[in-house]
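Here the structure is laid out as structure tokens; the discussion comes afterwards.
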Amino acid sequence: MTRAAGFRLGLVLGAVFLLEVLCRAGVIDHLTMPPPSQILRDLGVMLSSGAMYPAMAKTLLNVVIAFSAAVVVGVAAGIGLHGWNALRQGLEPLFATYYAIPVFAFYPLLIILFGLGDAPQILIGFMLAVVTVIMNTLNGLDRVSPVLRKTARIHRLGRLATALKVTLPCAAPSVLTGVKLAVAYAFIGIIGAEFIMSRTGIGYEISFAYNNFDNATMYPLILLILAVSTLVNAALSHWEKILMQRRGLG
Amino acid sequence: MSRAHVSLHDVTRVYAGARGARHDVHALGPVNLELRQGEFFAVVGPSGCGKSTLLDVIAGLSRASAGTIEFEGRAVDGEVPEGVGVVFQDDACFPWLTVRDNIDFGLRQAAVEAQERTRRLSHALELMGLSDFAGAYPAQLSGGMRQRVCIARTLVLQPRLILLDEPFGALDQQTRLLMGDELLRLWRDTGATVLLITHALDEAAMLADRIGVMSARPGRILDIVETGWPRDRDSRIVAESSFGEITGLLWRSLRVESLKALGKSAGVTSALP
């Protein structure tokens, strides 16, 4: 473990320890937040009971759908826009300001258009995630050196083969940065949407538990989301590190 | 040795001027040139004279604005013909692939049969001294070794015409001489026709059978110098007295053109020491 990673871990463990002490000393009362050790125990009980499995499965499945669609559409759109400069120049200012728009504000419209099922929630997750994939794909493709494009032509590759075998692999570290952000945005989108427009899922269960002062459910669910998104992010970061090391950049 | 393998007839290349520019940029030509089957031909010229543009139009990477290019009797027109390999000055290794996979890349594209692929791959790795680095990534190699990977990737496809665009430009002098030796050996072994673009007169004089001297932009072939070296030469010929004569001859042709490229007139040049 590097010094920086050790420092980071120490900081997180220190913050958890501080919370534990504050909760047990009564500085933070139990109705506001139980001690972290209690949250962990509650999570164990919840997972062993299996009561939340349907909600977890529904949320994770929707995150996977929104994320996968964002990556496929985002990478394809990135490749397409990279080859169509006029359209790119028209759209890029919109992409730059995209995250200033609160996508959640459109939820009534999405419900009218797609009903109360999973579709509008997945759409919000997708909408939040897709643009960062497009922008990072474009960024990565911009950095592909012209000599690699020439090399693709020397090997008589067509446009699609050039994208799949040369330019996209070359742009992979940048694309992966977009993919990492897409995971986070998909989680935010899906869980946020479940708060406001769903009757199922982890977001809904958190909201329901909050309204009923059910800390034994709410905090373990928050911890679960934290754990899953951290785990996915760590796995992608590890992959990113390997890619960078291969290129002498790690 | 005398049949024309590549022929260029009145080839020119004009680039459209940038937005707001008054004129188009006349980068090359007209160029008339014939490369003989199996010869090593070098092109030297002042900076910006269109040497790389010449290589691009011969390779089919760029379309000639006028004139015709033929490779083995077939017209080249903006598409890279089968049988042509190119090595560039810039690092063209794929950084995400190992040395083995880099060299194998072209063989996969060409759908070469698996057993033959393995044979060519092992041969190329051995020939270029890369066997111990087959599993390494380009970032782990020196500039010279990365260039060898690119040469190996070109050679495994057994091209009949090899185009080299200042392939040793980024290397130090000693490595360039040694790479030159390797290149001469590969040229003899493969029997391919080689066109080398270089700004280094000594490199051209050491490697080539014939050297085309290009004018300042728009580049035209001003002169062709025959070196008269035996086919089994190597870098030790730099010690020959005729080596100095050849580089001197090249420089005489090039000096005025190089000054033109720098924006100095012949009148000014005569006042220079």
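Each chain in the structure tokens gets a letter, A, B, ..., in the order shown, and its residues are numbered from 1; ligands are numbered from 1 in order too.
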
Can you check which residues of chain A have any atom within 8 Å of chain B? Use only C-alpha atoms and format it as an mmCIF file with N, CA and C atoms, in the first residue's frame.
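Output contents, as saved in selection.cif:
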data_model
loop_
_atom_site.group_PDB
_atom_site.id
_atom_site.type_symbol
_atom_site.label_atom_id
_atom_site.label_comp_id
_atom_site.auth_asym_id
_atom_site.auth_seq_id
_atom_site.Cartn_x
_atom_site.Cartn_y
_atom_site.Cartn_z
ATOM 1 N N VAL A 147 -0.298 9.084 -36.504
ATOM 2 C CA VAL A 147 0.474 7.970 -37.070
ATOM 3 C C VAL A 147 -0.238 6.626 -36.815
ATOM 4 N N LEU A 148 -1.006 6.532 -35.738
ATOM 5 C CA LEU A 148 -1.742 5.287 -35.495
ATOM 6 C C LEU A 148 -2.907 5.159 -36.489
ATOM 7 N N LYS A 150 -2.807 6.401 -39.495
ATOM 8 C CA LYS A 150 -2.152 6.013 -40.752
ATOM 9 C C LYS A 150 -1.818 4.520 -40.736
ATOM 10 N N THR A 151 -1.378 4.037 -39.576
ATOM 11 C CA THR A 151 -1.038 2.614 -39.458
ATOM 12 C C THR A 151 -2.268 1.754 -39.730
ATOM 13 N N ARG A 153 -4.659 2.527 -41.706
ATOM 14 C CA ARG A 153 -4.897 2.557 -43.161
ATOM 15 C C ARG A 153 -3.916 1.656 -43.893
ATOM 16 N N ILE A 154 -2.652 1.645 -43.393
ATOM 17 C CA ILE A 154 -1.649 0.761 -43.989
ATOM 18 C C ILE A 154 -2.109 -0.697 -43.899
ATOM 19 N N HIS A 155 -2.802 -1.018 -42.804
ATOM 20 C CA HIS A 155 -3.300 -2.384 -42.646
ATOM 21 C C HIS A 155 -4.664 -2.571 -43.301
ATOM 22 N N ARG A 156 -5.074 -1.557 -44.053
ATOM 23 C CA ARG A 156 -6.270 -1.613 -44.875
ATOM 24 C C ARG A 156 -7.533 -1.887 -44.048
ATOM 25 N N LEU A 157 -7.594 -1.237 -42.875
ATOM 26 C CA LEU A 157 -8.780 -1.392 -42.033
ATOM 27 C C LEU A 157 -9.854 -0.406 -42.471
ATOM 28 N N VAL A 166 -8.203 0.038 -33.337
ATOM 29 C CA VAL A 166 -7.093 0.980 -33.168
ATOM 30 C C VAL A 166 -7.490 2.189 -32.296
ATOM 31 N N PRO A 169 -9.261 1.277 -28.639
ATOM 32 C CA PRO A 169 -8.283 0.752 -27.663
ATOM 33 C C PRO A 169 -7.262 1.809 -27.254
ATOM 34 N N CYS A 170 -6.874 2.657 -28.202
ATOM 35 C CA CYS A 170 -5.907 3.707 -27.885
ATOM 36 C C CYS A 170 -6.525 4.703 -26.907
ATOM 37 N N LEU A 243 -4.152 -0.498 -17.203
ATOM 38 C CA LEU A 243 -4.036 0.091 -18.552
ATOM 39 C C LEU A 243 -2.955 1.166 -18.585
ATOM 40 N N ARG A 246 0.624 -0.290 -18.314
ATOM 41 C CA ARG A 246 1.074 -0.868 -19.584
ATOM 42 C C ARG A 246 1.627 0.201 -20.508
ATOM 43 N N ARG A 247 1.068 1.389 -20.403
ATOM 44 C CA ARG A 247 1.508 2.483 -21.282
ATOM 45 C C ARG A 247 2.590 3.329 -20.638
ATOM 46 N N GLY A 248 3.121 2.853 -19.512
ATOM 47 C CA GLY A 248 4.187 3.586 -18.838
ATOM 48 C C GLY A 248 3.692 4.873 -18.208
#

For this session: Between B:Thr12, B:Ser242, B:Ser142, B:Ser52, single out the one closest to Leu163 of chain B, counting only C-alpha atoms.
Result: B:Ser52

Problem set entry | DSSP-assigned alpha helix (DSSP H) among segment 39-183 of chain B, expressed as an NGL selection string | :B and (51-59 or 99-109 or 114-127 or 143-155 or 173-183)

For this session: Would you kindly return, as a PyMOL selection string, each protein, DNA or RNA residue with an atom no farther than 9 Å from any atom of segment 99-114 of chain A, considering only C-alpha atoms and excluding same-chain residues fewer than 3 positions away?
Result: chain A and resi 95-96+117-121+123-124+127-128+131+189+192-193+196-197

List every residue of segment 2-244 of chain B that DSSP, applied to the backbone of this structure, assigns to strand (DSSP E), and report them as an mmCIF file with C-alpha atoms, in the first residue's frame.
data_model
loop_
_atom_site.group_PDB
_atom_site.id
_atom_site.type_symbol
_atom_site.label_atom_id
_atom_site.label_comp_id
_atom_site.auth_asym_id
_atom_site.auth_seq_id
_atom_site.Cartn_x
_atom_site.Cartn_y
_atom_site.Cartn_z
ATOM 1 C CA ALA B 4 10.109 -0.297 -62.894
ATOM 2 C CA HIS B 5 8.411 -1.469 -59.716
ATOM 3 C CA VAL B 6 6.945 1.926 -58.895
ATOM 4 C CA SER B 7 6.536 4.738 -61.362
ATOM 5 C CA LEU B 8 5.402 8.320 -60.883
ATOM 6 C CA HIS B 9 4.420 10.440 -63.847
ATOM 7 C CA ASP B 10 3.926 14.213 -63.368
ATOM 8 C CA VAL B 11 2.681 13.711 -59.821
ATOM 9 C CA THR B 12 1.688 16.849 -57.928
ATOM 10 C CA ARG B 13 0.006 17.417 -54.598
ATOM 11 C CA VAL B 14 -1.765 20.662 -53.801
ATOM 12 C CA TYR B 15 -3.398 21.244 -50.418
ATOM 13 C CA VAL B 25 -0.379 25.191 -50.909
ATOM 14 C CA HIS B 26 1.518 23.529 -53.723
ATOM 15 C CA ALA B 27 3.405 20.898 -51.691
ATOM 16 C CA LEU B 28 4.819 18.578 -54.302
ATOM 17 C CA GLY B 29 5.785 18.181 -57.894
ATOM 18 C CA PRO B 30 5.558 17.642 -60.653
ATOM 19 C CA VAL B 31 7.563 14.517 -59.827
ATOM 20 C CA ASN B 32 8.663 11.933 -62.366
ATOM 21 C CA LEU B 33 10.401 8.931 -60.863
ATOM 22 C CA GLU B 34 10.869 5.212 -61.392
ATOM 23 C CA LEU B 35 11.908 2.811 -58.640
ATOM 24 C CA ARG B 36 13.517 -0.349 -59.949
ATOM 25 C CA PHE B 40 17.160 0.704 -52.260
ATOM 26 C CA PHE B 41 16.210 4.264 -53.182
ATOM 27 C CA ALA B 42 16.594 7.212 -50.826
ATOM 28 C CA VAL B 43 15.083 10.669 -51.131
ATOM 29 C CA VAL B 44 16.774 13.650 -49.499
ATOM 30 C CA ALA B 66 -2.571 15.391 -60.673
ATOM 31 C CA GLY B 67 -0.447 12.784 -62.395
ATOM 32 C CA THR B 68 -0.337 9.014 -62.054
ATOM 33 C CA ILE B 69 1.324 6.583 -59.656
ATOM 34 C CA GLU B 70 1.699 2.920 -60.484
ATOM 35 C CA PHE B 71 2.804 0.068 -58.251
ATOM 36 C CA ARG B 74 -1.589 -0.930 -61.132
ATOM 37 C CA ALA B 75 -2.677 2.618 -60.383
ATOM 38 C CA VAL B 84 3.056 -2.116 -49.485
ATOM 39 C CA GLY B 85 4.483 -1.642 -45.978
ATOM 40 C CA VAL B 86 5.257 1.671 -44.298
ATOM 41 C CA VAL B 87 7.443 2.530 -41.298
ATOM 42 C CA LEU B 161 7.563 -2.353 -51.433
ATOM 43 C CA ILE B 162 8.770 -0.931 -48.112
ATOM 44 C CA LEU B 163 8.369 2.814 -47.561
ATOM 45 C CA LEU B 164 10.387 4.303 -44.721
ATOM 46 C CA ASP B 165 9.580 7.838 -43.571
ATOM 47 C CA THR B 193 12.088 -2.536 -53.094
ATOM 48 C CA VAL B 194 12.839 0.099 -50.454
ATOM 49 C CA LEU B 195 12.120 3.826 -50.571
ATOM 50 C CA LEU B 196 13.731 5.726 -47.707
ATOM 51 C CA ILE B 197 12.794 9.332 -46.962
ATOM 52 C CA THR B 198 15.441 11.045 -44.872
ATOM 53 C CA ARG B 210 20.354 5.605 -55.734
ATOM 54 C CA ILE B 211 19.515 8.893 -54.067
ATOM 55 C CA GLY B 212 16.962 11.371 -55.356
ATOM 56 C CA VAL B 213 17.637 14.976 -54.401
ATOM 57 C CA MET B 214 14.522 17.076 -53.981
ATOM 58 C CA ILE B 221 13.449 15.541 -58.111
ATOM 59 C CA LEU B 222 16.434 17.702 -59.115
ATOM 60 C CA ASP B 223 19.051 15.027 -59.440
ATOM 61 C CA ILE B 224 19.575 11.308 -58.931
ATOM 62 C CA VAL B 225 22.934 10.185 -57.526
ATOM 63 C CA GLU B 226 24.092 6.581 -58.016
#

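Our summary of the geometry notes that atom CA of Gly191 of chain B is positioned 21.0 Å from atom CA of Ile237 of chain B.
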
For this session: State, in Å with one decimal place, the distance from atom CA of Asp42 of chain A to atom CA of Ser198 of chain A.
Result: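 Separating atom CA of Asp42 of chain A from atom CA of Ser198 of chain A is a distance of 24.3 Å.
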
For this session: Considering only C-alpha atoms, return as a list in words whatever protein or nucleic-acid residues lie within 10 Å of Leu183 of chain B, sequence-local ones (same chain, fewer than 4 positions apart) excluded.
Result: Met128, Arg148, Ile151, Leu177, Leu178, Met179, Trp187, Arg188, Asp189, Val194, Leu207 and Asp234 of chain B

If you keep N, CA and C atoms, can you produce a file of those selected residues as a compact mmCIF listing (two decimals), in the first residue's frame?
# COMPACT_ATOMS: atom_id res chain seq x y z
N MET B 128 14.68 -9.52 -35.40
CA MET B 128 14.82 -8.15 -34.89
C MET B 128 15.35 -8.12 -33.46
N ARG B 148 12.08 -1.05 -33.95
CA ARG B 148 12.26 -2.41 -34.46
C ARG B 148 10.94 -3.18 -34.47
N ILE B 151 9.15 -2.07 -37.49
CA ILE B 151 9.75 -2.67 -38.70
C ILE B 151 9.33 -4.14 -38.79
N LEU B 177 23.22 4.03 -37.00
CA LEU B 177 24.15 3.26 -37.83
C LEU B 177 23.86 1.76 -37.72
N LEU B 178 23.62 1.31 -36.48
CA LEU B 178 23.36 -0.12 -36.28
C LEU B 178 22.02 -0.53 -36.89
N MET B 179 21.02 0.34 -36.74
CA MET B 179 19.71 0.05 -37.35
C MET B 179 19.84 0.05 -38.87
N TRP B 187 16.77 -5.86 -46.14
CA TRP B 187 16.52 -5.54 -47.56
C TRP B 187 17.08 -6.65 -48.45
N ARG B 188 18.31 -7.07 -48.13
CA ARG B 188 18.91 -8.15 -48.93
C ARG B 188 18.10 -9.44 -48.79
N ASP B 189 17.70 -9.75 -47.52
CA ASP B 189 16.99 -11.02 -47.27
C ASP B 189 15.61 -11.05 -47.92
N VAL B 194 12.93 -0.78 -51.62
CA VAL B 194 12.84 0.10 -50.45
C VAL B 194 12.94 1.55 -50.90
N LEU B 207 23.02 3.92 -47.14
CA LEU B 207 22.04 2.85 -47.33
C LEU B 207 21.64 2.61 -48.79
N ASP B 234 27.67 -2.66 -45.56
CA ASP B 234 27.16 -2.34 -44.23
C ASP B 234 27.71 -0.98 -43.80

For this session: Excluding Val175 of chain A and residues on its chain fewer than 3 positions from it, collect all residues at most 6 Å away from it, counting only C-alpha atoms, and give them as a count of residues only.
Result: 4

Problem set entry | Exercise: Glu126 of chain B partners within 12 Å, only C-alpha atoms, chain neighbours under 5 positions left out, as a VMD selection string | chain B and resid 100 119 to 121 131 to 134 148 to 149 152 156
